[in-house]
>>> print(open('run-v5.txt').read())   # compact mmCIF, C-alpha atoms
# COMPACT_ATOMS: atom_id res chain seq x y z
CA MET A 6 -21.98 5.65 41.71
CA THR A 7 -25.13 7.78 42.14
CA PHE A 8 -28.46 6.22 43.17
CA ASP A 9 -31.92 7.78 43.12
CA ALA A 10 -34.20 8.24 46.14
CA SER A 11 -35.43 4.66 45.95
CA GLY A 12 -31.90 3.29 46.03
CA ARG A 13 -31.95 2.26 42.37
CA LEU A 14 -29.59 3.25 39.61
CA PRO A 15 -30.83 6.14 37.45
CA GLU A 16 -32.67 5.17 34.28
CA ALA A 17 -29.81 6.46 32.12
CA PHE A 18 -27.52 3.82 33.59
CA LEU A 19 -29.94 1.04 32.73
CA THR A 20 -30.72 2.15 29.17
CA PRO A 21 -27.47 3.46 27.67
CA GLY A 22 -28.03 5.30 24.41
CA GLY A 23 -25.81 3.44 21.99
CA SER A 24 -23.69 0.31 21.77
CA SER A 25 -20.40 1.91 22.79
CA PHE A 26 -19.36 1.48 26.40
CA MET A 27 -16.74 4.20 25.92
CA ASP A 28 -19.39 6.72 24.85
CA PHE A 29 -21.55 5.74 27.82
CA LEU A 30 -18.61 6.16 30.20
CA ALA A 31 -17.68 9.51 28.64
CA GLY A 32 -21.22 10.76 29.26
CA HIS A 33 -21.54 9.62 32.89
CA ALA A 34 -18.04 9.29 34.36
CA PRO A 35 -15.49 10.82 31.97
CA ASP A 36 -12.85 10.98 34.70
CA LEU A 37 -12.60 7.16 34.52
CA LEU A 38 -11.28 7.30 30.97
CA PRO A 39 -7.46 7.26 30.90
CA GLY A 40 -7.23 10.07 28.37
CA ARG A 41 -9.34 12.45 30.47
CA ARG A 42 -6.89 12.61 33.38
CA ASP A 43 -4.78 15.71 33.82
CA LEU A 44 -1.20 14.90 34.79
CA GLY A 45 0.04 18.46 34.61
CA ALA A 46 3.21 19.43 32.79
CA GLY A 47 6.22 17.16 32.43
CA ASP A 48 7.54 14.03 30.79
CA PHE A 49 6.63 10.97 32.84
CA GLY A 50 7.74 8.32 30.38
CA LYS A 51 10.98 7.33 32.12
CA ASP A 52 9.41 7.02 35.58
CA VAL A 53 6.94 4.19 34.92
CA PRO A 54 7.29 0.56 33.80
CA HIS A 55 7.15 -0.09 30.06
CA GLY A 56 6.29 -3.30 28.25
CA THR A 57 8.45 -4.19 25.29
CA THR A 58 8.27 -6.67 22.41
CA ILE A 59 5.16 -8.27 20.87
CA VAL A 60 5.07 -10.45 17.73
CA ALA A 61 2.26 -12.03 15.68
CA ALA A 62 2.03 -14.17 12.57
CA ILE A 63 -0.72 -15.74 10.47
CA PHE A 64 -0.97 -19.43 9.60
CA PRO A 65 -3.59 -21.15 7.38
CA GLY A 66 -5.92 -21.83 10.32
CA GLY A 67 -5.69 -18.51 12.14
CA VAL A 68 -3.14 -16.32 13.88
CA VAL A 69 -0.59 -16.66 16.71
CA MET A 70 0.54 -13.81 18.98
CA ALA A 71 3.38 -13.87 21.52
CA GLY A 72 4.96 -11.42 23.94
CA ASP A 73 8.03 -11.37 26.11
CA ARG A 74 7.61 -11.03 29.90
CA ARG A 75 9.88 -8.08 30.76
CA ALA A 76 8.85 -4.60 31.86
CA THR A 77 11.55 -1.95 32.22
CA MET A 78 11.80 1.38 34.00
CA GLY A 79 14.72 3.21 32.46
CA ASN A 80 17.71 0.89 32.81
CA VAL A 81 16.03 -1.16 35.56
CA ILE A 82 14.03 -4.37 35.10
CA ALA A 83 10.73 -3.48 36.76
CA GLN A 84 9.06 -6.89 36.32
CA ARG A 85 10.17 -10.23 34.91
CA ASP A 86 6.80 -11.92 34.45
CA ILE A 87 4.41 -9.26 33.15
CA GLU A 88 1.76 -10.46 30.71
CA LYS A 89 1.14 -8.41 27.56
CA VAL A 90 -1.00 -10.77 25.43
CA PHE A 91 -4.72 -11.06 26.24
CA PRO A 92 -7.93 -12.31 24.64
CA ALA A 93 -9.98 -9.33 23.40
CA ASP A 94 -13.04 -11.51 22.93
CA GLU A 95 -13.75 -15.07 21.82
CA TYR A 96 -12.19 -14.66 18.36
CA SER A 97 -9.51 -12.00 18.79
CA CYS A 98 -6.50 -11.11 20.90
CA VAL A 99 -4.68 -7.91 21.77
CA ALA A 100 -1.26 -7.08 23.16
CA PHE A 101 0.56 -3.87 23.95
CA ALA A 102 3.96 -2.26 24.09
CA GLY A 103 4.58 0.97 25.98
CA THR A 104 3.37 2.23 29.36
CA ALA A 105 2.46 -0.93 31.25
CA GLY A 106 -0.23 0.40 33.58
CA LEU A 107 -2.09 2.28 30.87
CA GLY A 108 -1.66 -0.63 28.47
CA ILE A 109 -3.34 -3.09 30.85
CA GLU A 110 -6.11 -0.59 31.57
CA MET A 111 -6.66 0.00 27.85
CA VAL A 112 -6.90 -3.74 27.23
CA ARG A 113 -9.52 -4.11 29.98
CA LEU A 114 -11.57 -1.23 28.60
CA PHE A 115 -11.34 -2.75 25.13
CA GLN A 116 -12.56 -6.11 26.43
CA VAL A 117 -15.53 -4.44 28.15
CA GLU A 118 -16.26 -2.38 25.04
CA LEU A 119 -16.54 -5.51 22.88
CA GLU A 120 -18.61 -7.38 25.48
CA HIS A 121 -20.89 -4.34 25.94
CA TYR A 122 -21.57 -4.15 22.21
CA GLU A 123 -22.30 -7.87 22.00
CA LYS A 124 -24.76 -7.78 24.91
CA LEU A 125 -26.68 -4.78 23.53
CA GLU A 126 -26.69 -5.73 19.85
CA GLY A 127 -26.96 -9.49 20.23
CA THR A 128 -24.09 -10.06 17.80
CA THR A 129 -20.35 -9.59 17.69
CA LEU A 130 -18.59 -6.82 15.82
CA SER A 131 -16.78 -7.67 12.62
CA LEU A 132 -13.00 -7.93 12.96
CA ASP A 133 -12.65 -4.57 11.19
CA GLY A 134 -15.18 -3.10 13.61
CA LYS A 135 -13.21 -4.35 16.59
CA ALA A 136 -10.03 -2.87 15.15
CA ASN A 137 -11.80 0.48 14.71
CA ARG A 138 -12.99 0.48 18.33
CA LEU A 139 -9.40 0.05 19.47
CA THR A 140 -8.42 3.04 17.32
CA ALA A 141 -10.77 5.25 19.33
CA LEU A 142 -9.23 4.09 22.61
CA ILE A 143 -5.71 4.88 21.42
CA ARG A 144 -6.73 8.29 20.11
CA GLY A 145 -8.26 9.07 23.50
CA ASN A 146 -4.82 8.51 25.05
CA LEU A 147 -3.07 11.00 22.74
CA ALA A 148 -2.59 13.67 25.42
CA MET A 149 -0.80 11.18 27.65
CA ALA A 150 1.24 9.86 24.73
CA MET A 151 2.51 13.41 24.18
CA GLN A 152 3.74 13.35 27.79
CA GLY A 153 5.68 10.13 27.31
CA LEU A 154 2.94 7.68 28.35
CA ALA A 155 2.26 6.08 24.98
CA VAL A 156 0.57 2.71 24.49
CA VAL A 157 1.00 0.92 21.15
CA PRO A 158 -1.22 -2.17 20.78
CA LEU A 159 -1.12 -5.04 18.34
CA PHE A 160 -4.50 -6.60 17.50
CA ALA A 161 -5.25 -9.85 15.70
CA GLY A 162 -8.11 -12.24 15.22
CA TYR A 163 -9.90 -14.79 13.11
CA ASP A 164 -12.17 -13.35 10.40
CA HIS A 165 -15.07 -15.76 9.84
CA ASP A 166 -16.04 -14.04 6.60
CA ARG A 167 -12.60 -14.46 5.06
CA LYS A 168 -11.90 -17.66 7.01
CA ALA A 169 -8.41 -16.40 7.83
CA GLY A 170 -6.36 -14.72 10.51
CA ARG A 171 -5.68 -10.97 10.26
CA ILE A 172 -3.26 -8.62 12.05
CA TYR A 173 -3.65 -4.88 12.74
CA SER A 174 -0.96 -2.51 13.98
CA TYR A 175 -1.35 1.03 15.34
CA ASP A 176 0.63 4.19 15.97
CA PRO A 177 0.31 6.35 19.14
CA THR A 178 -2.11 8.75 17.39
CA GLY A 179 -4.60 5.97 16.64
CA GLY A 180 -3.60 5.25 13.06
CA ARG A 181 -4.68 1.72 12.12
CA TYR A 182 -2.90 -0.46 9.57
CA GLU A 183 -3.63 -4.00 8.47
CA GLU A 184 -0.44 -6.02 8.12
CA LEU A 185 -0.70 -7.93 4.84
CA GLY A 186 2.75 -9.55 4.97
CA GLY A 187 1.57 -12.24 7.35
CA TYR A 188 3.51 -11.09 10.42
CA HIS A 189 4.33 -8.00 12.48
CA SER A 190 6.05 -6.88 15.67
CA VAL A 191 5.89 -3.84 17.96
CA GLY A 192 7.97 -2.59 20.86
CA SER A 193 11.59 -1.74 21.53
CA GLY A 194 12.87 -5.06 20.16
CA SER A 195 10.54 -5.08 17.16
CA LEU A 196 13.28 -4.23 14.65
CA PHE A 197 15.28 -7.34 15.58
CA ALA A 198 12.20 -9.54 15.91
CA ARG A 199 10.96 -8.46 12.50
CA GLY A 200 14.33 -9.28 10.99
CA ALA A 201 14.07 -12.82 12.32
CA LEU A 202 10.47 -13.15 11.13
CA LYS A 203 11.42 -11.93 7.68
CA LYS A 204 13.88 -14.80 7.33
CA LEU A 205 12.02 -17.62 9.10
CA TYR A 206 8.32 -17.03 8.43
CA ARG A 207 6.44 -18.81 5.65
CA PRO A 208 2.68 -18.57 5.08
CA ASP A 209 2.33 -22.37 4.88
CA LEU A 210 3.65 -23.05 8.40
CA ASN A 211 1.30 -24.78 10.82
CA GLU A 212 0.32 -23.50 14.27
CA SER A 213 3.18 -25.17 16.13
CA GLU A 214 5.75 -24.03 13.58
CA VAL A 215 4.51 -20.44 13.70
CA ALA A 216 4.69 -20.49 17.52
CA THR A 217 8.28 -21.71 17.25
CA VAL A 218 9.17 -18.96 14.76
CA LEU A 219 7.67 -16.33 17.09
CA VAL A 220 9.71 -17.66 20.03
CA GLN A 221 12.82 -17.57 17.83
CA SER A 222 12.08 -13.93 16.96
CA LEU A 223 11.68 -12.97 20.63
CA VAL A 224 14.99 -14.66 21.48
CA ASP A 225 16.65 -12.70 18.68
CA ALA A 226 15.06 -9.48 19.96
CA ALA A 227 16.31 -10.17 23.49
CA ASP A 228 19.78 -10.86 22.09
CA ASP A 229 20.07 -7.30 20.76
CA ASP A 230 17.60 -5.24 22.80
CA SER A 231 18.23 -4.94 26.54
CA ALA A 232 14.58 -4.03 27.23
CA THR A 233 13.30 -7.31 25.79
CA GLY A 234 13.38 -10.30 28.08
CA GLY A 235 14.32 -13.66 26.62
CA PRO A 236 13.07 -16.93 28.11
CA ASP A 237 14.14 -17.10 31.77
CA MET A 238 15.51 -20.63 31.97
CA LEU A 239 16.34 -20.43 35.69
CA ARG A 240 12.89 -19.23 36.77
CA ARG A 241 11.09 -21.03 33.90
CA ILE A 242 9.35 -17.82 32.82
CA PHE A 243 8.41 -18.10 29.15
CA PRO A 244 6.66 -15.90 26.58
CA VAL A 245 2.88 -15.76 26.62
CA VAL A 246 1.59 -17.32 23.38
CA GLY A 247 -2.04 -16.97 22.28
CA VAL A 248 -3.69 -18.67 19.31
CA VAL A 249 -6.92 -17.62 17.58
CA THR A 250 -8.68 -20.00 15.18
CA ALA A 251 -12.25 -20.67 14.04
CA ASP A 252 -12.70 -22.42 17.40
CA GLY A 253 -11.81 -19.26 19.33
CA TYR A 254 -8.93 -17.95 21.43
CA ARG A 255 -6.74 -20.17 23.56
CA ARG A 256 -3.53 -19.59 25.42
CA LEU A 257 -0.88 -22.23 24.86
CA PRO A 258 -0.24 -24.12 28.10
CA GLU A 259 2.97 -23.31 29.95
CA ASP A 260 4.38 -26.80 29.44
CA GLU A 261 3.77 -26.61 25.68
CA VAL A 262 5.52 -23.25 25.43
CA GLY A 263 8.28 -24.63 27.66
CA THR A 264 8.86 -27.52 25.24
CA ILE A 265 9.21 -25.05 22.34
CA VAL A 266 11.58 -22.87 24.36
CA ASP A 267 13.71 -25.84 25.45
CA THR A 268 14.06 -26.96 21.82
CA VAL A 269 14.96 -23.44 20.64
CA MET A 270 17.50 -22.82 23.41
CA ALA A 271 19.12 -26.25 23.02
CA ALA A 272 19.72 -25.52 19.34
CA ARG A 273 21.18 -22.11 20.25
CA HIS A 274 23.92 -23.81 22.22
CA GLU A 275 25.14 -25.06 18.87
CA ARG A 276 24.24 -21.95 16.86
CA PRO A 277 23.83 -18.88 19.16
CA ASP A 278 22.50 -16.67 16.34
CA GLY A 279 19.63 -19.04 15.64
CA PRO A 280 18.63 -21.05 12.59
CA SER A 281 19.53 -19.87 9.11
CA ALA A 282 16.95 -19.40 6.39
CA PRO A 283 17.29 -21.30 3.09
CA LEU A 284 18.80 -19.29 0.22
CA THR A 285 16.08 -20.36 -2.21
>>> encode(input="run-v5.txt", output="structure tokens")
Amino acid sequence: MTFDASGRLPEAFLTPGGSSFMDFLAGHAPDLLPGRRDLGAGDFGKDVPHGTTIVAAIFPGGVVMAGDRRATMGNVIAQRDIEKVFPADEYSCVAFAGTAGLGIEMVRLFQVELEHYEKLEGTTLSLDGKANRLTALIRGNLAMAMQGLAVVPLFAGYDHDRKAGRIYSYDPTGGRYEELGGYHSVGSGSLFARGALKKLYRPDLNESEVATVLVQSLVDAADDDSATGGPDMLRRIFPVVGVVTADGYRRLPEDEVGTIVDTVMAARHERPDGPSAPLT
């Protein structure tokens, strides 16, 4: 940090020109942005921990997002209790799959970006505006994604104008897509999780039922994808589950998630493949 002769911050630091923290950072300390770092040539993807499966689904009062706790490094489990689901601001949440270190850093920058805008403008961004800001962050990481260090977020929140939850998915180039089917998943186990969601999800489910369906989908993903970690019953490490409603974001308490997991796993002793969906 550079100070002037009086020991104060320069005027430019106190009166940033614009409401984007990322633009301000790019103008004064671009080397702090993840996408501005030069790694040289090579593919680094297999040498760093990667987060895996994230799922989200809408219910009449908002949206629920959940993530498994495993990070892998090649065929090795790098961490058993990593957290991939975070509040973005009071009325939205964000999670990531892909390079763990960059994913966590991107989430923190996104949180600061939204808070910076709110402090300067005196109001919060619309949900679409928040989703667009995340697009810019992902696009700034494109050079690293081309070297195997991709981060693929999942963003969701409560839209006060529509009075409903909404889900946005992204690709590594920054493409943004609103998921209108009511649910979505990203990560290495997303194919299996989405299959479970397709059969079990209904738009009329309540918050608790949606949380249960998401846990079921993560268990199914872990059953077929070695990079996805299922509930660790020995260590009592369970998925992180976040809920966003008109009252704001809250993380489900560990004991509440544990009760859901215990119910799901007890039923799987009788039916290992999970519950069946009705035919009609």
>>> residues_around(input="run-v5.txt", residues="Leu257 in chain A", least_positions_apart="5", cutoff="7 Å", atoms="all atoms listed in the file", output="list in words")
Val246, Gly247 and Val262 of chain A
>>> atom_distance(input="run-v5.txt", atom1="CA of Pro54 in chain A", atom2="CA of Thr77 in chain A")
5.2 Å
>>> closest_residue(input="run-v5.txt", among="A:Gly179, A:Pro92, A:Pro65, A:Pro236", to="Pro158 in chain A", atoms="all atoms listed in the file")
A:Gly179
>>> residues_around(input="run-v5.txt", residues="Leu239 in chain A", least_positions_apart="3", cutoff="12 Å", atoms="only C-alpha atoms", output="JSON list (two decimals) with C-alpha atoms, in the frame of the given file")
[["chain", "number", "residue", "atom", "x", "y", "z"],
["A", 85, "ARG", "CA", 10.17, -10.23, 34.91],
["A", 235, "GLY", "CA", 14.32, -13.66, 26.62],
["A", 236, "PRO", "CA", 13.07, -16.93, 28.11],
["A", 242, "ILE", "CA", 9.35, -17.82, 32.82],
["A", 243, "PHE", "CA", 8.41, -18.10, 29.15],
["A", 267, "ASP", "CA", 13.71, -25.84, 25.45]]
>>> residues_around(input="run-v5.txt", residues="range 209-219 of chain A", least_positions_apart="5", cutoff="8 Å", atoms="all atoms listed in the file", output="list of chain:residue names")
A:Val60, A:Ala61, A:Ala62, A:Ile63, A:Phe64, A:Pro65, A:Gly66, A:Val68, A:Val69, A:Met70, A:Ala71, A:Leu202, A:Val246, A:Ile265, A:Val266, A:Val269
>>> residues_around(input="run-v5.txt", residues="Thr178 in chain A", least_positions_apart="3", cutoff="7 Å", atoms="only C-alpha atoms", output="PyMOL selection string")
chain A and resi 143-144+147
>>> atom_distance(input="run-v5.txt", atom1="CA of Arg199 in chain A", atom2="CA of Glu184 in chain A")
12.5 Å
>>> atom_distance(input="run-v5.txt", atom1="CA of Pro280 in chain A", atom2="CA of Val245 in chain A")
21.7 Å
